[in-house]
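See below for structure.csv, which holds CSV, N, CA and C atoms.
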chain,number,residue,atom,x,y,z
A,1,MET,N,-26.5,114.7,165.4
A,1,MET,CA,-27.8,115.2,165.0
A,1,MET,C,-27.9,115.1,163.4
A,2,GLN,N,-29.1,114.9,163.0
A,2,GLN,CA,-29.4,114.8,161.5
A,2,GLN,C,-30.4,115.9,161.1
A,3,ILE,N,-30.5,116.2,159.9
A,3,ILE,CA,-31.5,117.1,159.3
A,3,ILE,C,-32.8,116.5,159.4
A,4,ARG,N,-33.8,117.2,159.9
A,4,ARG,CA,-35.2,116.7,160.0
A,4,ARG,C,-35.9,116.6,158.6
A,5,TYR,N,-36.7,115.5,158.5
A,5,TYR,CA,-37.5,115.3,157.3
A,5,TYR,C,-38.9,115.4,157.6
A,6,PRO,N,-39.8,116.1,156.9
A,6,PRO,CA,-39.4,116.9,155.8
A,6,PRO,C,-38.7,118.2,156.3
A,7,TYR,N,-37.9,118.7,155.4
A,7,TYR,CA,-37.1,119.9,155.7
A,7,TYR,C,-38.0,121.0,156.3
A,8,ARG,N,-37.5,121.6,157.4
A,8,ARG,CA,-38.2,122.8,158.0
A,8,ARG,C,-37.2,123.5,158.9
A,9,PHE,N,-37.7,124.6,159.4
A,9,PHE,CA,-36.9,125.4,160.3
A,9,PHE,C,-37.4,125.2,161.7
A,10,ASP,N,-36.5,125.4,162.7
A,10,ASP,CA,-36.9,125.3,164.1
A,10,ASP,C,-37.3,126.6,164.6
A,11,GLY,N,-37.5,126.8,165.9
A,11,GLY,CA,-37.9,128.0,166.5
A,11,GLY,C,-36.9,129.1,166.5
A,12,ARG,N,-35.6,128.7,166.2
A,12,ARG,CA,-34.6,129.7,166.1
A,12,ARG,C,-34.3,130.1,164.7
A,13,ARG,N,-35.2,129.6,163.8
A,13,ARG,CA,-35.0,129.9,162.3
A,13,ARG,C,-33.8,129.3,161.7
A,14,ARG,N,-33.4,128.1,162.3
A,14,ARG,CA,-32.3,127.4,161.7
A,14,ARG,C,-32.9,126.0,161.2
A,15,THR,N,-32.1,125.3,160.5
A,15,THR,CA,-32.5,124.0,160.0
A,15,THR,C,-32.8,123.1,161.1
A,16,ALA,N,-34.0,122.5,161.1
A,16,ALA,CA,-34.4,121.7,162.2
A,16,ALA,C,-33.6,120.4,162.2
A,17,THR,N,-33.2,119.9,163.3
A,17,THR,CA,-32.5,118.6,163.4
A,17,THR,C,-33.2,117.6,164.2
A,18,THR,N,-32.8,116.4,164.2
A,18,THR,CA,-33.4,115.3,164.9
A,18,THR,C,-32.4,114.3,165.4
A,19,SER,N,-32.7,113.4,166.2
A,19,SER,CA,-31.8,112.4,166.7
A,19,SER,C,-31.5,111.4,165.6
A,20,ASP,N,-30.5,110.6,165.8
A,20,ASP,CA,-30.1,109.6,164.9
A,20,ASP,C,-31.3,108.6,164.7
A,21,ASP,N,-31.9,108.1,165.7
A,21,ASP,CA,-33.0,107.1,165.6
A,21,ASP,C,-34.2,107.7,164.9
A,22,ASP,N,-34.5,108.9,165.2
A,22,ASP,CA,-35.6,109.6,164.5
A,22,ASP,C,-35.3,109.8,163.0
A,23,HIS,N,-34.0,110.0,162.8
A,23,HIS,CA,-33.6,110.2,161.4
A,23,HIS,C,-33.8,108.9,160.6
A,24,VAL,N,-33.6,107.8,161.2
A,24,VAL,CA,-33.8,106.5,160.6
A,24,VAL,C,-35.3,106.4,160.3
A,25,ARG,N,-36.2,106.8,161.2
A,25,ARG,CA,-37.6,106.8,160.9
A,25,ARG,C,-38.0,107.6,159.7
A,26,ASP,N,-37.3,108.8,159.6
A,26,ASP,CA,-37.6,109.7,158.5
A,26,ASP,C,-37.1,109.0,157.2
A,27,LEU,N,-36.0,108.3,157.2
A,27,LEU,CA,-35.6,107.6,156.0
A,27,LEU,C,-36.5,106.5,155.6
A,28,ILE,N,-37.1,105.8,156.6
A,28,ILE,CA,-38.1,104.8,156.3
A,28,ILE,C,-39.3,105.4,155.6
A,29,GLU,N,-39.8,106.6,156.1
A,29,GLU,CA,-40.9,107.3,155.5
A,29,GLU,C,-40.6,107.7,154.0
A,30,GLN,N,-39.3,108.1,153.8
A,30,GLN,CA,-38.9,108.5,152.4
A,30,GLN,C,-39.0,107.3,151.5
A,31,VAL,N,-38.5,106.1,151.9
A,31,VAL,CA,-38.5,104.9,151.1
A,31,VAL,C,-40.0,104.5,150.8
A,32,LEU,N,-40.8,104.5,151.8
A,32,LEU,CA,-42.2,104.1,151.6
A,32,LEU,C,-43.0,105.0,150.7
A,33,PHE,N,-42.8,106.3,150.8
A,33,PHE,CA,-43.7,107.1,150.0
A,33,PHE,C,-43.1,107.9,148.8
A,34,THR,N,-41.9,107.4,148.4
A,34,THR,CA,-41.3,107.9,147.2
A,34,THR,C,-41.6,106.9,146.1
A,35,GLN,N,-42.1,107.4,145.0
A,35,GLN,CA,-42.4,106.5,143.8
A,35,GLN,C,-41.1,106.2,143.0
A,36,PRO,N,-40.9,105.0,142.6
A,36,PRO,CA,-39.8,104.8,141.7
A,36,PRO,C,-39.9,105.7,140.5
A,37,GLY,N,-38.8,106.3,140.1
A,37,GLY,CA,-38.7,107.3,139.0
A,37,GLY,C,-38.9,108.7,139.4
A,38,GLU,N,-39.2,108.9,140.7
A,38,GLU,CA,-39.4,110.3,141.2
A,38,GLU,C,-38.1,111.0,141.5
A,39,ARG,N,-37.1,110.3,141.8
A,39,ARG,CA,-35.8,110.9,142.0
A,39,ARG,C,-34.9,110.8,140.8
A,40,VAL,N,-34.3,111.9,140.4
A,40,VAL,CA,-33.6,112.0,139.1
A,40,VAL,C,-32.4,111.1,139.1
A,41,ASN,N,-31.5,111.2,140.1
A,41,ASN,CA,-30.3,110.4,140.2
A,41,ASN,C,-30.4,109.0,140.7
A,42,ARG,N,-31.6,108.7,141.2
A,42,ARG,CA,-31.9,107.3,141.8
A,42,ARG,C,-33.3,106.9,141.3
A,43,PRO,N,-33.4,106.6,140.0
A,43,PRO,CA,-34.7,106.3,139.5
A,43,PRO,C,-35.4,105.0,140.0
A,44,ASP,N,-34.6,104.1,140.7
A,44,ASP,CA,-35.2,102.9,141.2
A,44,ASP,C,-35.5,103.1,142.7
A,45,PHE,N,-35.2,104.3,143.3
A,45,PHE,CA,-35.4,104.5,144.7
A,45,PHE,C,-36.9,104.6,145.0
A,46,GLY,N,-37.3,104.0,146.1
A,46,GLY,CA,-38.7,104.0,146.5
A,46,GLY,C,-39.3,102.6,146.6
A,47,SER,N,-40.6,102.6,147.0
A,47,SER,CA,-41.3,101.3,147.2
A,47,SER,C,-42.4,101.0,146.2
A,48,GLY,N,-43.0,102.0,145.6
A,48,GLY,CA,-44.1,101.8,144.7
A,48,GLY,C,-45.4,101.6,145.5
A,49,LEU,N,-45.4,101.8,146.8
A,49,LEU,CA,-46.5,101.6,147.7
A,49,LEU,C,-47.7,102.4,147.3
A,50,LEU,N,-47.5,103.7,146.9
A,50,LEU,CA,-48.7,104.5,146.6
A,50,LEU,C,-49.4,104.1,145.4
A,51,GLN,N,-48.8,103.3,144.5
A,51,GLN,CA,-49.5,102.8,143.3
A,51,GLN,C,-50.6,101.8,143.7
A,52,LEU,N,-50.6,101.3,144.9
A,52,LEU,CA,-51.5,100.3,145.4
A,52,LEU,C,-52.7,100.8,146.1
A,53,THR,N,-52.8,102.1,146.3
A,53,THR,CA,-53.8,102.8,147.1
A,53,THR,C,-55.2,102.5,146.6
A,54,PHE,N,-55.4,102.4,145.3
A,54,PHE,CA,-56.7,102.2,144.8
A,54,PHE,C,-57.0,100.9,144.2
A,55,ALA,N,-56.0,99.9,144.4
A,55,ALA,CA,-56.2,98.6,144.0
A,55,ALA,C,-57.2,97.9,144.8
A,56,PRO,N,-58.0,96.9,144.3
A,56,PRO,CA,-59.0,96.2,145.0
A,56,PRO,C,-58.3,95.4,146.2
A,57,LEU,N,-58.9,95.5,147.4
A,57,LEU,CA,-58.3,94.9,148.5
A,57,LEU,C,-58.5,93.4,148.5
A,58,SER,N,-57.4,92.6,148.7
A,58,SER,CA,-57.5,91.1,148.8
A,58,SER,C,-56.4,90.6,149.6
A,59,ASP,N,-56.4,89.4,150.0
A,59,ASP,CA,-55.4,88.8,150.8
A,59,ASP,C,-54.1,88.7,149.9
A,60,GLU,N,-54.2,88.5,148.6
A,60,GLU,CA,-53.1,88.4,147.8
A,60,GLU,C,-52.4,89.8,147.7
A,61,LEU,N,-53.2,90.8,147.5
A,61,LEU,CA,-52.6,92.2,147.4
A,61,LEU,C,-51.9,92.6,148.7
A,62,ALA,N,-52.5,92.2,149.9
A,62,ALA,CA,-51.9,92.5,151.2
A,62,ALA,C,-50.5,91.8,151.3
A,63,ALA,N,-50.5,90.5,150.9
A,63,ALA,CA,-49.2,89.8,150.9
A,63,ALA,C,-48.2,90.4,149.9
A,64,ALA,N,-48.6,90.7,148.7
A,64,ALA,CA,-47.7,91.3,147.8
A,64,ALA,C,-47.2,92.7,148.2
A,65,THR,N,-48.1,93.5,148.8
A,65,THR,CA,-47.7,94.8,149.3
A,65,THR,C,-46.6,94.6,150.4
A,66,GLU,N,-46.8,93.7,151.4
A,66,GLU,CA,-45.9,93.5,152.4
A,66,GLU,C,-44.5,93.1,151.8
A,67,PHE,N,-44.6,92.2,150.8
A,67,PHE,CA,-43.3,91.7,150.2
A,67,PHE,C,-42.6,92.9,149.5
A,68,LEU,N,-43.4,93.7,148.8
A,68,LEU,CA,-42.8,94.9,148.1
A,68,LEU,C,-42.2,95.9,149.1
A,69,VAL,N,-42.9,96.2,150.2
A,69,VAL,CA,-42.3,97.1,151.2
A,69,VAL,C,-41.1,96.5,151.9
A,70,ARG,N,-41.2,95.3,152.3
A,70,ARG,CA,-40.0,94.7,152.9
A,70,ARG,C,-38.8,94.7,152.0
A,71,GLY,N,-39.0,94.4,150.7
A,71,GLY,CA,-37.9,94.4,149.8
A,71,GLY,C,-37.3,95.7,149.6
A,72,ALA,N,-38.1,96.8,149.5
A,72,ALA,CA,-37.6,98.1,149.3
A,72,ALA,C,-36.8,98.6,150.6
A,73,LEU,N,-37.4,98.3,151.7
A,73,LEU,CA,-36.7,98.7,153.0
A,73,LEU,C,-35.3,97.9,153.1
A,74,GLU,N,-35.3,96.7,152.8
A,74,GLU,CA,-34.1,95.9,152.9
A,74,GLU,C,-33.1,96.4,151.9
A,75,GLN,N,-33.5,96.7,150.7
A,75,GLN,CA,-32.6,97.2,149.7
A,75,GLN,C,-32.0,98.5,150.0
A,76,TRP,N,-32.8,99.5,150.5
A,76,TRP,CA,-32.3,100.8,150.7
A,76,TRP,C,-31.8,101.1,152.1
A,77,LEU,N,-32.4,100.4,153.1
A,77,LEU,CA,-32.0,100.7,154.5
A,77,LEU,C,-31.5,99.4,155.3
A,78,GLY,N,-31.2,98.4,154.6
A,78,GLY,CA,-30.8,97.1,155.2
A,78,GLY,C,-29.6,97.3,156.1
A,79,GLN,N,-28.7,98.2,155.8
A,79,GLN,CA,-27.5,98.4,156.6
A,79,GLN,C,-27.8,99.2,157.9
A,80,LEU,N,-29.0,99.9,157.9
A,80,LEU,CA,-29.4,100.7,159.0
A,80,LEU,C,-30.4,100.0,160.0
A,81,ILE,N,-31.3,99.2,159.4
A,81,ILE,CA,-32.3,98.6,160.2
A,81,ILE,C,-32.4,97.1,160.0
A,82,SER,N,-33.0,96.4,160.9
A,82,SER,CA,-33.4,95.0,160.8
A,82,SER,C,-34.9,95.0,161.1
A,83,ILE,N,-35.7,94.5,160.1
A,83,ILE,CA,-37.1,94.5,160.2
A,83,ILE,C,-37.6,93.3,161.0
A,84,ASP,N,-38.3,93.6,162.1
A,84,ASP,CA,-38.8,92.5,163.0
A,84,ASP,C,-40.3,92.2,162.7
A,85,ALA,N,-41.1,93.1,162.3
A,85,ALA,CA,-42.5,92.9,162.0
A,85,ALA,C,-43.0,93.9,161.0
A,86,LEU,N,-43.9,93.5,160.1
A,86,LEU,CA,-44.4,94.5,159.1
A,86,LEU,C,-45.8,94.1,158.8
A,87,SER,N,-46.7,95.1,158.7
A,87,SER,CA,-48.0,94.9,158.2
A,87,SER,C,-48.5,96.1,157.5
A,88,VAL,N,-49.2,95.9,156.4
A,88,VAL,CA,-49.8,97.0,155.6
A,88,VAL,C,-51.3,96.7,155.5
A,89,VAL,N,-52.1,97.8,155.9
A,89,VAL,CA,-53.5,97.7,155.9
A,89,VAL,C,-54.1,98.9,155.2
A,90,ARG,N,-55.2,98.8,154.6
A,90,ARG,CA,-55.9,99.9,154.0
A,90,ARG,C,-57.1,100.3,154.9
A,91,GLU,N,-57.2,101.5,155.3
A,91,GLU,CA,-58.2,102.0,156.2
A,91,GLU,C,-58.7,103.4,155.7
A,92,ASP,N,-60.0,103.5,155.4
A,92,ASP,CA,-60.6,104.7,154.9
A,92,ASP,C,-59.9,105.3,153.7
A,93,GLY,N,-59.5,104.4,152.8
A,93,GLY,CA,-58.9,104.8,151.5
A,93,GLY,C,-57.4,105.2,151.7
A,94,ARG,N,-56.8,105.0,152.8
A,94,ARG,CA,-55.4,105.3,153.1
A,94,ARG,C,-54.6,104.0,153.4
A,95,LEU,N,-53.4,103.9,153.0
A,95,LEU,CA,-52.6,102.8,153.4
A,95,LEU,C,-51.8,103.1,154.7
A,96,LEU,N,-51.9,102.2,155.6
A,96,LEU,CA,-51.2,102.3,156.9
A,96,LEU,C,-50.1,101.2,157.0
A,97,VAL,N,-48.9,101.6,157.3
A,97,VAL,CA,-47.8,100.6,157.4
A,97,VAL,C,-47.3,100.6,158.8
A,98,ASP,N,-47.4,99.5,159.5
A,98,ASP,CA,-46.8,99.3,160.8
A,98,ASP,C,-45.6,98.5,160.7
A,99,ILE,N,-44.5,99.0,161.2
A,99,ILE,CA,-43.2,98.4,161.1
A,99,ILE,C,-42.5,98.3,162.5
A,100,GLY,N,-42.1,97.1,162.9
A,100,GLY,CA,-41.3,96.9,164.0
A,100,GLY,C,-39.9,96.7,163.5
A,101,TYR,N,-38.9,97.4,164.0
A,101,TYR,CA,-37.6,97.3,163.5
A,101,TYR,C,-36.6,97.6,164.6
A,102,THR,N,-35.4,97.2,164.4
A,102,THR,CA,-34.2,97.4,165.3
A,102,THR,C,-33.2,98.3,164.5
A,103,VAL,N,-32.9,99.4,165.1
A,103,VAL,CA,-31.8,100.3,164.6
A,103,VAL,C,-30.5,99.6,164.9
A,104,ARG,N,-29.8,99.2,163.8
A,104,ARG,CA,-28.6,98.5,164.0
A,104,ARG,C,-27.5,99.2,164.8
A,105,ARG,N,-27.3,100.5,164.6
A,105,ARG,CA,-26.3,101.2,165.2
A,105,ARG,C,-26.5,101.3,166.8
A,106,SER,N,-27.7,101.6,167.2
A,106,SER,CA,-28.0,101.8,168.6
A,106,SER,C,-28.5,100.5,169.3
A,107,GLY,N,-29.1,99.6,168.5
A,107,GLY,CA,-29.7,98.4,169.0
A,107,GLY,C,-31.1,98.6,169.6
A,108,ARG,N,-31.6,99.8,169.4
A,108,ARG,CA,-32.9,100.1,169.9
A,108,ARG,C,-34.0,99.5,169.0
A,109,GLN,N,-35.0,99.0,169.7
A,109,GLN,CA,-36.2,98.5,168.9
A,109,GLN,C,-37.2,99.6,168.9
A,110,ARG,N,-37.9,99.7,167.7
A,110,ARG,CA,-38.9,100.7,167.6
A,110,ARG,C,-40.1,100.1,166.8
A,111,THR,N,-41.2,100.6,167.0
A,111,THR,CA,-42.4,100.3,166.3
A,111,THR,C,-43.0,101.6,165.8
A,112,ASP,N,-43.2,101.8,164.6
A,112,ASP,CA,-43.8,103.1,164.0
A,112,ASP,C,-44.9,102.8,163.0
A,113,ARG,N,-45.8,103.7,163.0
A,113,ARG,CA,-46.9,103.6,162.0
A,113,ARG,C,-46.7,104.7,161.0
A,114,PHE,N,-46.8,104.4,159.7
A,114,PHE,CA,-46.6,105.3,158.7
A,114,PHE,C,-48.0,105.4,157.9
A,115,ALA,N,-48.5,106.6,157.7
A,115,ALA,CA,-49.8,106.7,157.0
A,115,ALA,C,-49.5,107.4,155.7
A,116,GLN,N,-50.2,106.9,154.7
A,116,GLN,CA,-50.0,107.5,153.4
A,116,GLN,C,-50.3,109.0,153.5
A,117,PRO,N,-49.5,109.8,152.9
A,117,PRO,CA,-49.8,111.3,152.9
A,117,PRO,C,-51.2,111.5,152.2
A,118,ALA,N,-51.9,112.5,152.6
A,118,ALA,CA,-53.2,112.9,152.0
A,118,ALA,C,-52.9,113.4,150.6
A,119,VAL,N,-53.7,112.9,149.7
A,119,VAL,CA,-53.6,113.4,148.3
A,119,VAL,C,-54.4,114.7,148.1
A,120,PRO,N,-53.7,115.7,147.6
A,120,PRO,CA,-54.4,117.0,147.5
A,120,PRO,C,-55.6,116.9,146.5
A,121,ALA,N,-56.7,117.6,146.8
A,121,ALA,CA,-57.8,117.6,145.9
A,121,ALA,C,-57.7,118.5,144.7
Let me see the file written as structure tokens.
Amino acid sequence: MQIRYPYRFDGRRRTATTSDDDHVRDLIEQVLFTQPGERVNRPDFGSGLLQLTFAPLSDELAAATEFLVRGALEQWLGQLISIDALSVVREDGRLLVDIGYTVRRSGRQRTDRFAQPAVPA
């Protein structure tokens, strides 16, 4: 079992845990939505995805975004996952990332959608 992300307590008021495969999903979310420079001891950690939220939508931007996300995931999680499919779309001012991947340790294939966290007003 792994610690759940984001950190929270379970019904017994203990640190919430999750399965290994769900922990990998949590790690993907951290890579996607962490800005480079946000972590003190790992200034290059993250994908830079959130910087593209307000950029004008174009085919070139979509391709560049997918390249950026794929590179960040392979750099930080390449030993844990193999990316099978990836798409990034902007919908209602939010970025949606659909990733098909295989968890290397278990061999399980997963498809998850990650939505940009809401920006507080």
For this session: Just the residues within 6 Å of Leu86 in chain A, please, counting all atoms listed in the file, with nothing from its chain fewer than 3 positions along; format it as an MDAnalysis selection string.
Result: chainID A and resid 98:100
Next, dump the selected residues to file, keeping only N, CA and C atoms, as a PDB file, in the frame of the given file.
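Listing of selection-v7.pdb after writing:
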ATOM      1  N   ASP A  98     -47.400  99.500 159.500  1.00  0.00           N
ATOM      2  CA  ASP A  98     -46.800  99.300 160.800  1.00  0.00           C
ATOM      3  C   ASP A  98     -45.600  98.500 160.700  1.00  0.00           C
ATOM      4  N   ILE A  99     -44.500  99.000 161.200  1.00  0.00           N
ATOM      5  CA  ILE A  99     -43.200  98.400 161.100  1.00  0.00           C
ATOM      6  C   ILE A  99     -42.500  98.300 162.500  1.00  0.00           C
ATOM      7  N   GLY A 100     -42.100  97.100 162.900  1.00  0.00           N
ATOM      8  CA  GLY A 100     -41.300  96.900 164.000  1.00  0.00           C
ATOM      9  C   GLY A 100     -39.900  96.700 163.500  1.00  0.00           C
TER      10      GLY A 100
END
Problem set entry | Test item: residues at most 8 Å from Ala62 in chain A, all atoms listed in the file, excluding those fewer than 5 positions along its chain, as a ChimeraX atom specification | /A:56-57,67-68,87-90
For the selection just defined, write its residues with N, CA and C atoms to a file, as a compact mmCIF listing (two decimals), in the coordinates of the input.
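Heads up, here's the output in result19.txt:
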# COMPACT_ATOMS: atom_id res chain seq x y z
N PRO A 56 -58.00 96.90 144.30
CA PRO A 56 -59.00 96.20 145.00
C PRO A 56 -58.30 95.40 146.20
N LEU A 57 -58.90 95.50 147.40
CA LEU A 57 -58.30 94.90 148.50
C LEU A 57 -58.50 93.40 148.50
N PHE A 67 -44.60 92.20 150.80
CA PHE A 67 -43.30 91.70 150.20
C PHE A 67 -42.60 92.90 149.50
N LEU A 68 -43.40 93.70 148.80
CA LEU A 68 -42.80 94.90 148.10
C LEU A 68 -42.20 95.90 149.10
N SER A 87 -46.70 95.10 158.70
CA SER A 87 -48.00 94.90 158.20
C SER A 87 -48.50 96.10 157.50
N VAL A 88 -49.20 95.90 156.40
CA VAL A 88 -49.80 97.00 155.60
C VAL A 88 -51.30 96.70 155.50
N VAL A 89 -52.10 97.80 155.90
CA VAL A 89 -53.50 97.70 155.90
C VAL A 89 -54.10 98.90 155.20
N ARG A 90 -55.20 98.80 154.60
CA ARG A 90 -55.90 99.90 154.00
C ARG A 90 -57.10 100.30 154.90
Problem set entry | Within 12 Å of file point (-29.8, 99.4, 157.6), counting only C-alpha atoms, expressed as a list of chain:residue names |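 Result, sorted by chain then residue number: A:Asp21, A:Val24, A:Arg25, A:Leu27, A:Ile28, A:Ala72, A:Leu73, A:Glu74, A:Gln75, A:Trp76, A:Leu77, A:Gly78, A:Gln79, A:Leu80, A:Ile81, A:Ser82, A:Ile83, A:Tyr101, A:Thr102, A:Val103, A:Arg104, A:Arg105, A:Ser106, A:Gly107.
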Exercise. Hey, what does DSSP flag as strand (DSSP E) within range 11-98 of chain A? Can you give it to me as a PyMOL selection string?
Worked result: chain A and resi 17-18+81-91+94-98
Could those residues be written to a file, using N, CA and C atoms, as a compact mmCIF listing (two decimals), in the frame of the given file?
# COMPACT_ATOMS: atom_id res chain seq x y z
N THR A 17 -33.20 119.90 163.30
CA THR A 17 -32.50 118.60 163.40
C THR A 17 -33.20 117.60 164.20
N THR A 18 -32.80 116.40 164.20
CA THR A 18 -33.40 115.30 164.90
C THR A 18 -32.40 114.30 165.40
N ILE A 81 -31.30 99.20 159.40
CA ILE A 81 -32.30 98.60 160.20
C ILE A 81 -32.40 97.10 160.00
N SER A 82 -33.00 96.40 160.90
CA SER A 82 -33.40 95.00 160.80
C SER A 82 -34.90 95.00 161.10
N ILE A 83 -35.70 94.50 160.10
CA ILE A 83 -37.10 94.50 160.20
C ILE A 83 -37.60 93.30 161.00
N ASP A 84 -38.30 93.60 162.10
CA ASP A 84 -38.80 92.50 163.00
C ASP A 84 -40.30 92.20 162.70
N ALA A 85 -41.10 93.10 162.30
CA ALA A 85 -42.50 92.90 162.00
C ALA A 85 -43.00 93.90 161.00
N LEU A 86 -43.90 93.50 160.10
CA LEU A 86 -44.40 94.50 159.10
C LEU A 86 -45.80 94.10 158.80
N SER A 87 -46.70 95.10 158.70
CA SER A 87 -48.00 94.90 158.20
C SER A 87 -48.50 96.10 157.50
N VAL A 88 -49.20 95.90 156.40
CA VAL A 88 -49.80 97.00 155.60
C VAL A 88 -51.30 96.70 155.50
N VAL A 89 -52.10 97.80 155.90
CA VAL A 89 -53.50 97.70 155.90
C VAL A 89 -54.10 98.90 155.20
N ARG A 90 -55.20 98.80 154.60
CA ARG A 90 -55.90 99.90 154.00
C ARG A 90 -57.10 100.30 154.90
N GLU A 91 -57.20 101.50 155.30
CA GLU A 91 -58.20 102.00 156.20
C GLU A 91 -58.70 103.40 155.70
N ARG A 94 -56.80 105.00 152.80
CA ARG A 94 -55.40 105.30 153.10
C ARG A 94 -54.60 104.00 153.40
N LEU A 95 -53.40 103.90 153.00
CA LEU A 95 -52.60 102.80 153.40
C LEU A 95 -51.80 103.10 154.70
N LEU A 96 -51.90 102.20 155.60
CA LEU A 96 -51.20 102.30 156.90
C LEU A 96 -50.10 101.20 157.00
N VAL A 97 -48.90 101.60 157.30
CA VAL A 97 -47.80 100.60 157.40
C VAL A 97 -47.30 100.60 158.80
N ASP A 98 -47.40 99.50 159.50
CA ASP A 98 -46.80 99.30 160.80
C ASP A 98 -45.60 98.50 160.70
For this session: Would you work out the distance separating CA of Ile3 in chain A from CA of His23 in chain A, expressed in Å to one decimal?
Result: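 CA of His23 in chain A lies at a distance of 7.5 Å from CA of Ile3 in chain A.
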If we count only C-alpha atoms, what is near Thr15 in chain A at a cut-off of 8 Å, once residues fewer than 5 positions away on the same chain are taken out, given as an mmCIF file with N, CA and C atoms, keeping the file's coordinate frame?
data_model
loop_
_atom_site.group_PDB
_atom_site.id
_atom_site.type_symbol
_atom_site.label_atom_id
_atom_site.label_comp_id
_atom_site.auth_asym_id
_atom_site.auth_seq_id
_atom_site.Cartn_x
_atom_site.Cartn_y
_atom_site.Cartn_z
ATOM 1 N N ILE A 3 -30.500 116.200 159.900
ATOM 2 C CA ILE A 3 -31.500 117.100 159.300
ATOM 3 C C ILE A 3 -32.800 116.500 159.400
ATOM 4 N N ARG A 4 -33.800 117.200 159.900
ATOM 5 C CA ARG A 4 -35.200 116.700 160.000
ATOM 6 C C ARG A 4 -35.900 116.600 158.600
ATOM 7 N N TYR A 7 -37.900 118.700 155.400
ATOM 8 C CA TYR A 7 -37.100 119.900 155.700
ATOM 9 C C TYR A 7 -38.000 121.000 156.300
ATOM 10 N N ARG A 8 -37.500 121.600 157.400
ATOM 11 C CA ARG A 8 -38.200 122.800 158.000
ATOM 12 C C ARG A 8 -37.200 123.500 158.900
ATOM 13 N N PHE A 9 -37.700 124.600 159.400
ATOM 14 C CA PHE A 9 -36.900 125.400 160.300
ATOM 15 C C PHE A 9 -37.400 125.200 161.700
ATOM 16 N N ASP A 10 -36.500 125.400 162.700
ATOM 17 C CA ASP A 10 -36.900 125.300 164.100
ATOM 18 C C ASP A 10 -37.300 126.600 164.600
#
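Separating atom C of Glu29 in chain A from atom N of Asp59 in chain A is a distance of 24.5 Å.
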For this session: Give me, please, the distance in Å between atom N of Gln51 in chain A and CA of Leu95 in chain A, quoted to one decimal.
Result: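 Those two atoms sit 9.7 Å apart.
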Give as a PDB file with N, CA and C atoms, in the frame of the given file each residue that has an atom at most 9 Å from (-41.1, 99.8, 144.3) in the file, counting only C-alpha atoms.
ATOM      1  N   VAL A  31     -38.500 106.100 151.900  1.00  0.00           N
ATOM      2  CA  VAL A  31     -38.500 104.900 151.100  1.00  0.00           C
ATOM      3  C   VAL A  31     -40.000 104.500 150.800  1.00  0.00           C
ATOM      4  N   LEU A  32     -40.800 104.500 151.800  1.00  0.00           N
ATOM      5  CA  LEU A  32     -42.200 104.100 151.600  1.00  0.00           C
ATOM      6  C   LEU A  32     -43.000 105.000 150.700  1.00  0.00           C
ATOM      7  N   THR A  34     -41.900 107.400 148.400  1.00  0.00           N
ATOM      8  CA  THR A  34     -41.300 107.900 147.200  1.00  0.00           C
ATOM      9  C   THR A  34     -41.600 106.900 146.100  1.00  0.00           C
ATOM     10  N   GLN A  35     -42.100 107.400 145.000  1.00  0.00           N
ATOM     11  CA  GLN A  35     -42.400 106.500 143.800  1.00  0.00           C
ATOM     12  C   GLN A  35     -41.100 106.200 143.000  1.00  0.00           C
ATOM     13  N   PRO A  36     -40.900 105.000 142.600  1.00  0.00           N
ATOM     14  CA  PRO A  36     -39.800 104.800 141.700  1.00  0.00           C
ATOM     15  C   PRO A  36     -39.900 105.700 140.500  1.00  0.00           C
ATOM     16  N   ASP A  44     -34.600 104.100 140.700  1.00  0.00           N
ATOM     17  CA  ASP A  44     -35.200 102.900 141.200  1.00  0.00           C
ATOM     18  C   ASP A  44     -35.500 103.100 142.700  1.00  0.00           C
ATOM     19  N   PHE A  45     -35.200 104.300 143.300  1.00  0.00           N
ATOM     20  CA  PHE A  45     -35.400 104.500 144.700  1.00  0.00           C
ATOM     21  C   PHE A  45     -36.900 104.600 145.000  1.00  0.00           C
ATOM     22  N   GLY A  46     -37.300 104.000 146.100  1.00  0.00           N
ATOM     23  CA  GLY A  46     -38.700 104.000 146.500  1.00  0.00           C
ATOM     24  C   GLY A  46     -39.300 102.600 146.600  1.00  0.00           C
ATOM     25  N   SER A  47     -40.600 102.600 147.000  1.00  0.00           N
ATOM     26  CA  SER A  47     -41.300 101.300 147.200  1.00  0.00           C
ATOM     27  C   SER A  47     -42.400 101.000 146.200  1.00  0.00           C
ATOM     28  N   GLY A  48     -43.000 102.000 145.600  1.00  0.00           N
ATOM     29  CA  GLY A  48     -44.100 101.800 144.700  1.00  0.00           C
ATOM     30  C   GLY A  48     -45.400 101.600 145.500  1.00  0.00           C
ATOM     31  N   LEU A  49     -45.400 101.800 146.800  1.00  0.00           N
ATOM     32  CA  LEU A  49     -46.500 101.600 147.700  1.00  0.00           C
ATOM     33  C   LEU A  49     -47.700 102.400 147.300  1.00  0.00           C
ATOM     34  N   GLN A  51     -48.800 103.300 144.500  1.00  0.00           N
ATOM     35  CA  GLN A  51     -49.500 102.800 143.300  1.00  0.00           C
ATOM     36  C   GLN A  51     -50.600 101.800 143.700  1.00  0.00           C
ATOM     37  N   LEU A  68     -43.400  93.700 148.800  1.00  0.00           N
ATOM     38  CA  LEU A  68     -42.800  94.900 148.100  1.00  0.00           C
ATOM     39  C   LEU A  68     -42.200  95.900 149.100  1.00  0.00           C
ATOM     40  N   VAL A  69     -42.900  96.200 150.200  1.00  0.00           N
ATOM     41  CA  VAL A  69     -42.300  97.100 151.200  1.00  0.00           C
ATOM     42  C   VAL A  69     -41.100  96.500 151.900  1.00  0.00           C
ATOM     43  N   GLY A  71     -39.000  94.400 150.700  1.00  0.00           N
ATOM     44  CA  GLY A  71     -37.900  94.400 149.800  1.00  0.00           C
ATOM     45  C   GLY A  71     -37.300  95.700 149.600  1.00  0.00           C
ATOM     46  N   ALA A  72     -38.100  96.800 149.500  1.00  0.00           N
ATOM     47  CA  ALA A  72     -37.600  98.100 149.300  1.00  0.00           C
ATOM     48  C   ALA A  72     -36.800  98.600 150.600  1.00  0.00           C
TER      49      ALA A  72
END
